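Chemist: This is upload-v1.cif (mmCIF, C-alpha atoms).
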data_protein
#
loop_
_atom_site.label_atom_id
_atom_site.label_comp_id
_atom_site.auth_asym_id
_atom_site.auth_seq_id
_atom_site.Cartn_x
_atom_site.Cartn_y
_atom_site.Cartn_z
CA MET A 391 -6.86 -4.69 -75.18
CA THR A 392 -5.76 -1.25 -74.06
CA LYS A 393 -8.08 0.34 -71.47
CA ASN A 394 -9.05 3.99 -71.75
CA TYR A 395 -6.61 6.39 -70.17
CA THR A 396 -6.23 10.10 -69.55
CA THR A 397 -3.10 12.12 -70.24
CA LYS A 398 -1.68 14.87 -68.05
CA HIS A 399 1.07 17.12 -69.40
CA SER A 400 3.49 19.00 -67.15
CA LYS A 401 7.10 20.16 -66.89
CA ARG A 402 8.21 16.69 -65.75
CA LYS A 403 11.09 15.01 -67.63
CA THR A 404 9.88 11.43 -67.79
CA MET A 405 6.65 9.56 -68.50
CA GLY A 406 4.80 7.84 -65.70
CA LEU A 407 1.84 5.48 -65.50
CA TYR A 408 -0.61 5.59 -62.59
CA ILE A 409 -3.86 3.96 -61.52
CA THR A 410 -5.85 6.45 -59.45
CA LYS A 411 -7.92 5.54 -56.40
CA ASN A 412 -10.98 5.79 -58.67
CA ALA A 413 -9.54 3.08 -60.95
CA GLU A 414 -8.68 5.48 -63.74
CA ILE A 415 -5.51 4.98 -65.77
CA GLU A 416 -3.49 8.18 -65.92
CA VAL A 417 -0.39 8.83 -68.00
CA ARG A 418 1.74 11.77 -66.87
CA VAL A 419 4.07 13.03 -69.57
CA PRO A 420 6.39 15.96 -70.36
CA ASN A 421 4.86 18.89 -72.23
CA GLY A 422 4.90 18.36 -75.99
CA THR A 423 5.02 14.55 -75.93
CA PRO A 424 3.45 13.20 -79.17
CA LYS A 425 0.27 11.11 -78.86
CA LYS A 426 1.88 8.15 -80.61
CA VAL A 427 4.77 8.10 -78.14
CA ILE A 428 2.24 8.10 -75.30
CA ALA A 429 0.19 5.32 -76.87
CA ASP A 430 3.32 3.21 -77.42
CA PHE A 431 4.34 3.78 -73.79
CA VAL A 432 0.95 2.56 -72.56
CA ASN A 433 1.05 -0.49 -74.84
CA GLN A 434 4.52 -1.40 -73.58
CA HIS A 435 3.18 -1.43 -70.01
CA GLN A 436 0.03 -3.50 -70.57
CA HIS A 437 1.31 -6.27 -68.31
CA TRP A 438 1.75 -3.79 -65.44
CA ILE A 439 -1.75 -2.38 -66.04
CA ASN A 440 -3.31 -5.86 -66.16
CA THR A 441 -1.49 -6.83 -62.95
CA HIS A 442 -2.57 -3.83 -60.89
CA TYR A 443 -5.81 -2.52 -62.37
CA GLY A 444 -8.10 -5.32 -61.20
CA ALA A 445 -7.31 -4.89 -57.49
CA VAL A 446 -7.99 -1.15 -57.60
CA ALA A 447 -11.20 -1.65 -59.60
CA ARG A 448 -12.44 -4.15 -57.01
CA GLN A 449 -11.75 -1.66 -54.22
CA VAL A 450 -13.75 0.99 -56.07
CA GLU A 451 -16.65 -1.43 -56.48
CA GLU A 452 -16.56 -2.46 -52.81
CA ARG A 453 -16.50 1.19 -51.71
CA ALA A 454 -19.51 1.91 -53.92
CA ASN A 455 -21.40 -1.02 -52.38
CA PHE A 456 -20.43 -0.16 -48.80
CA LYS A 457 -23.54 0.40 -46.68
CA LEU A 458 -24.11 1.07 -43.02
CA CYS A 459 -27.24 -0.52 -41.61
CA PHE A 460 -28.55 -1.73 -38.29
CA GLY A 461 -26.83 -4.94 -37.29
CA THR A 462 -23.53 -3.80 -38.81
CA LYS A 463 -20.47 -4.45 -36.65
CA LEU A 464 -18.50 -1.26 -35.98
CA LEU A 465 -14.92 -1.07 -34.73
CA PHE A 466 -13.94 0.89 -31.65
CA LEU A 467 -10.61 0.40 -29.86
CA GLY A 468 -10.06 -2.79 -31.83
CA ARG A 469 -13.33 -4.41 -30.79
CA GLU A 470 -16.56 -4.87 -32.74
CA PHE A 471 -19.84 -3.42 -31.48
CA SER A 472 -23.26 -3.84 -33.06
CA LEU A 473 -25.19 -0.88 -34.43
CA VAL A 474 -28.69 -1.12 -32.97
CA PRO A 475 -31.88 0.87 -33.67
CA VAL A 476 -33.68 2.88 -31.00
CA GLU A 477 -37.15 4.43 -31.09
CA LYS A 478 -36.09 7.91 -29.94
CA PRO A 479 -34.49 10.48 -32.31
CA THR A 480 -31.01 10.16 -30.84
CA TYR A 481 -27.69 8.44 -31.50
CA GLY A 482 -24.51 7.57 -29.63
CA TYR A 483 -22.33 4.88 -28.09
CA ASP A 484 -23.09 3.42 -24.65
CA GLY A 485 -20.10 1.14 -24.11
CA GLN A 486 -21.99 -1.91 -25.34
CA HIS A 487 -23.47 -0.77 -28.65
CA PHE A 488 -23.55 2.00 -31.17
CA TYR A 489 -27.16 3.14 -31.47
CA ALA A 490 -29.20 5.44 -33.68
CA TYR A 491 -32.79 6.42 -34.40
CA ALA A 492 -34.51 3.61 -36.30
CA GLN A 493 -36.11 6.02 -38.79
CA MET A 494 -32.86 7.58 -40.01
CA SER A 495 -32.09 7.46 -43.71
CA ALA A 496 -28.85 5.82 -44.87
CA GLU A 497 -27.12 9.19 -45.24
CA GLU A 498 -28.38 10.45 -41.87
CA LEU A 499 -27.14 7.24 -40.28
CA LYS A 500 -23.69 7.63 -41.81
CA THR A 501 -23.46 11.30 -40.79
CA SER A 502 -24.53 10.45 -37.23
CA LEU A 503 -21.99 7.66 -36.91
CA VAL A 504 -19.17 9.88 -38.13
CA GLY A 505 -20.25 12.39 -35.46
CA ILE A 506 -20.13 9.66 -32.81
CA TYR A 507 -16.66 8.59 -33.91
CA ARG A 508 -15.38 12.18 -33.92
CA THR A 509 -16.65 12.67 -30.35
CA LEU A 510 -15.07 9.41 -29.20
CA ALA A 511 -11.82 10.26 -30.97
CA LYS A 512 -11.58 13.66 -29.29
CA LYS A 513 -12.08 12.09 -25.86
CA VAL A 514 -9.77 9.09 -26.35
CA LEU A 515 -6.96 10.97 -28.07
CA SER A 516 -7.00 14.02 -25.81
CA THR A 517 -6.69 11.75 -22.76
CA MET A 518 -3.97 9.64 -24.33
CA VAL A 519 -1.98 12.68 -25.48
CA GLU A 520 -2.14 14.13 -21.97
CA ASP A 521 -1.03 10.89 -20.31
CA LEU A 522 1.75 10.05 -22.77
CA GLY A 523 2.78 13.70 -22.95
CA LYS A 524 3.37 13.74 -19.20
CA HIS A 525 5.39 10.52 -19.50
CA MET A 526 7.53 12.02 -22.27
CA GLY A 527 7.72 15.50 -20.75
CA LEU A 528 5.94 17.03 -23.73
CA LYS A 529 2.82 19.13 -24.16
CA PRO A 530 1.33 20.09 -27.54
CA LYS A 531 -0.54 23.36 -27.96
CA ALA A 532 -3.72 21.61 -29.10
CA VAL A 533 -5.21 18.26 -30.11
CA LYS A 534 -7.40 18.36 -33.20
CA ILE A 535 -9.51 15.71 -34.92
CA ASN A 536 -9.90 15.50 -38.70
CA GLY A 537 -11.27 13.10 -41.30
CA ALA A 538 -8.00 12.20 -43.04
CA ARG A 539 -8.18 8.77 -44.68
CA THR A 540 -4.53 8.20 -45.50
CA ARG A 541 -2.77 9.96 -42.64
CA TRP A 542 -3.40 8.80 -39.08
CA GLY A 543 -1.75 11.79 -37.43
CA SER A 544 0.43 14.82 -37.96
CA CYS A 545 2.29 17.46 -35.99
CA SER A 546 2.29 21.07 -37.17
CA SER A 547 5.20 23.47 -36.83
CA ALA A 548 3.03 25.40 -34.37
CA GLY A 549 2.98 22.40 -32.02
CA ASN A 550 -0.57 21.20 -32.75
CA LEU A 551 -1.26 17.47 -33.01
CA ASN A 552 -3.84 16.34 -35.56
CA PHE A 553 -5.42 12.89 -35.62
CA SER A 554 -7.86 11.14 -37.93
CA TRP A 555 -11.08 10.03 -36.25
CA TYR A 556 -10.64 6.67 -38.03
CA LEU A 557 -7.76 5.99 -35.65
CA VAL A 558 -10.07 5.04 -32.76
CA MET A 559 -11.08 1.94 -34.71
CA ALA A 560 -7.60 0.59 -33.93
CA GLU A 561 -6.52 -1.21 -30.76
CA GLU A 562 -5.44 1.00 -27.86
CA THR A 563 -1.82 -0.13 -28.17
CA THR A 564 -1.86 0.88 -31.82
CA ILE A 565 -3.38 4.28 -31.03
CA ARG A 566 -0.65 4.77 -28.44
CA TYR A 567 1.95 4.25 -31.15
CA VAL A 568 0.48 7.02 -33.32
CA VAL A 569 0.25 9.37 -30.34
CA VAL A 570 3.85 8.68 -29.33
CA HIS A 571 4.90 9.13 -32.95
CA GLU A 572 3.33 12.58 -33.18
CA LEU A 573 4.54 13.66 -29.73
CA ALA A 574 8.05 12.70 -30.77
CA HIS A 575 7.73 15.15 -33.65
CA LEU A 576 7.58 17.94 -31.08
CA ILE A 577 11.27 17.13 -30.55
CA GLU A 578 12.27 15.95 -34.04
CA MET A 579 10.26 17.19 -37.04
CA ASN A 580 11.65 14.41 -39.22
CA HIS A 581 12.08 10.64 -39.29
CA SER A 582 15.77 10.51 -38.43
CA SER A 583 17.35 7.72 -36.41
CA HIS A 584 17.13 10.00 -33.37
CA PHE A 585 13.38 10.34 -33.92
CA TRP A 586 12.86 6.57 -33.98
CA LYS A 587 14.97 6.17 -30.85
CA ILE A 588 12.58 8.52 -29.05
CA VAL A 589 9.63 6.41 -30.18
CA GLU A 590 11.37 3.15 -29.29
CA GLN A 591 12.17 4.34 -25.78
CA VAL A 592 8.45 4.62 -25.07
CA LEU A 593 7.24 1.75 -27.28
CA PRO A 594 9.96 -0.87 -27.93
CA ASN A 595 7.57 -2.90 -30.14
CA TYR A 596 6.31 0.05 -32.21
CA LYS A 597 6.98 -1.84 -35.47
CA VAL A 598 4.30 -4.38 -34.55
CA GLU A 599 1.75 -1.59 -34.09
CA ARG A 600 2.80 -0.01 -37.37
CA GLU A 601 1.95 -3.27 -39.16
CA LYS A 602 -1.47 -3.34 -37.49
CA LEU A 603 -2.15 0.13 -38.89
CA LYS A 604 -1.42 -1.13 -42.40
CA LYS A 605 -3.99 -3.90 -41.97
CA LEU A 606 -6.60 -1.44 -40.71
CA GLN A 607 -5.82 0.90 -43.61
CA LYS A 608 -6.45 -1.95 -46.04
CA LYS A 609 -9.79 -2.70 -44.40
CA LEU A 610 -10.86 0.94 -44.52
CA SER A 611 -9.82 1.28 -48.16
CA VAL A 612 -13.02 -0.50 -49.22
CA GLN A 613 -15.31 1.51 -46.93
CA SER A 614 -16.91 4.81 -47.85
CA TRP A 615 -17.71 6.83 -44.73
CA GLU A 616 -17.70 10.46 -45.87
#
Is it possible to express this structure as structure tokens?

Modeler:
Amino acid sequence: MTKNYTTKHSKRKTMGLYITKNAEIEVRVPNGTPKKVIADFVNQHQHWINTHYGAVARQVEERANFKLCFGTKLLFLGREFSLVPVEKPTYGYDGQHFYAYAQMSAEELKTSLVGIYRTLAKKVLSTMVEDLGKHMGLKPKAVKINGARTRWGSCSSAGNLNFSWYLVMAEETTIRYVVVHELAHLIEMNHSSHFWKIVEQVLPNYKVEREKLKKLQKKLSVQSWE
């Protein structure tokens, strides 16, 4: 049975079938494509839809059911720390636990935890950029923290390094890889063989860390933080 789908027309030359992150089936077609041609195209790709739709739909359901509550284990530098309640209206991380005011609502708790992670990310990444920058003889103009979910870091043409706060959930060695990666972009604003040689000189096993990032990305794909 064909699932519902939406159609998007544009100046493209070919038809394409996509499953969005919200588990919606989207058909992108050239302007003027007849409805019957579109319907036939979707029917011809039912096997592909059936193969891929279920996994995305499950992710959407898991994200919708994701809840942060006291007792939850939270990742920081690759280790898990319990979220514990406290009786004072405060929140933070003390090296042993994440903590927050026991009377916070679910949304207040989530907002507070994101704030904690952003603070930790700024501290960890600024220090790591400074240390690795000295080692590589490089110095960015600024280190900024954002909430990007699909991009761990970036380097702007102005020489600013941007990092996702989610990155501090990874192990330190993995964070180092992302920092080295973005610092290397201060020399090479591409992913040429020369770029990867720069990265490899500092981190010979960078490919291992890159695989760890993929695993963390998969774990975060079913969590709804912001």

Chemist: What's the 10 Å shell around Lys529 (chain A), counting all atoms listed in the file, without same-chain residues fewer than 3 positions away, as a tab-separated table (two decimals) with C-alpha atoms, in the frame of the given file?

Modeler:
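Saved file out-v2.tsv follows:
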chain	number	residue	atom	x	y	z
A	519	VAL	CA	-1.98	12.68	-25.48
A	520	GLU	CA	-2.14	14.13	-21.97
A	521	ASP	CA	-1.03	10.89	-20.31
A	522	LEU	CA	1.75	10.05	-22.77
A	523	GLY	CA	2.78	13.70	-22.95
A	524	LYS	CA	3.37	13.74	-19.20
A	526	MET	CA	7.53	12.02	-22.27
A	532	ALA	CA	-3.72	21.61	-29.10
A	549	GLY	CA	2.98	22.40	-32.02
A	550	ASN	CA	-0.57	21.20	-32.75
A	551	LEU	CA	-1.26	17.47	-33.01
A	573	LEU	CA	4.54	13.66	-29.73
A	576	LEU	CA	7.58	17.94	-31.08

Chemist: What does the structure give for the distance between CA of Met494 (chain A) and CA of Phe471 (chain A), in Å to one decimal?

Modeler: 19.1 Å

Chemist: For the file shown, what are the residues hit by the PyMOL selection byres ((chain A and resi 535) around 7), laid out as a VMD selection string?

Modeler: chain A and resid 508 512 533 to 534 536 552 to 555

Chemist: Grab the CA of Leu510 (chain A) to CA of Val568 (chain A) distance for me, in Å with one decimal place.

Modeler: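 Distance between the two atoms: 16.3 Å.
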
Chemist: Mind pulling up the distance from CA of Ser472 (chain A) to CA of Leu603 (chain A)?

Modeler: 22.3 Å
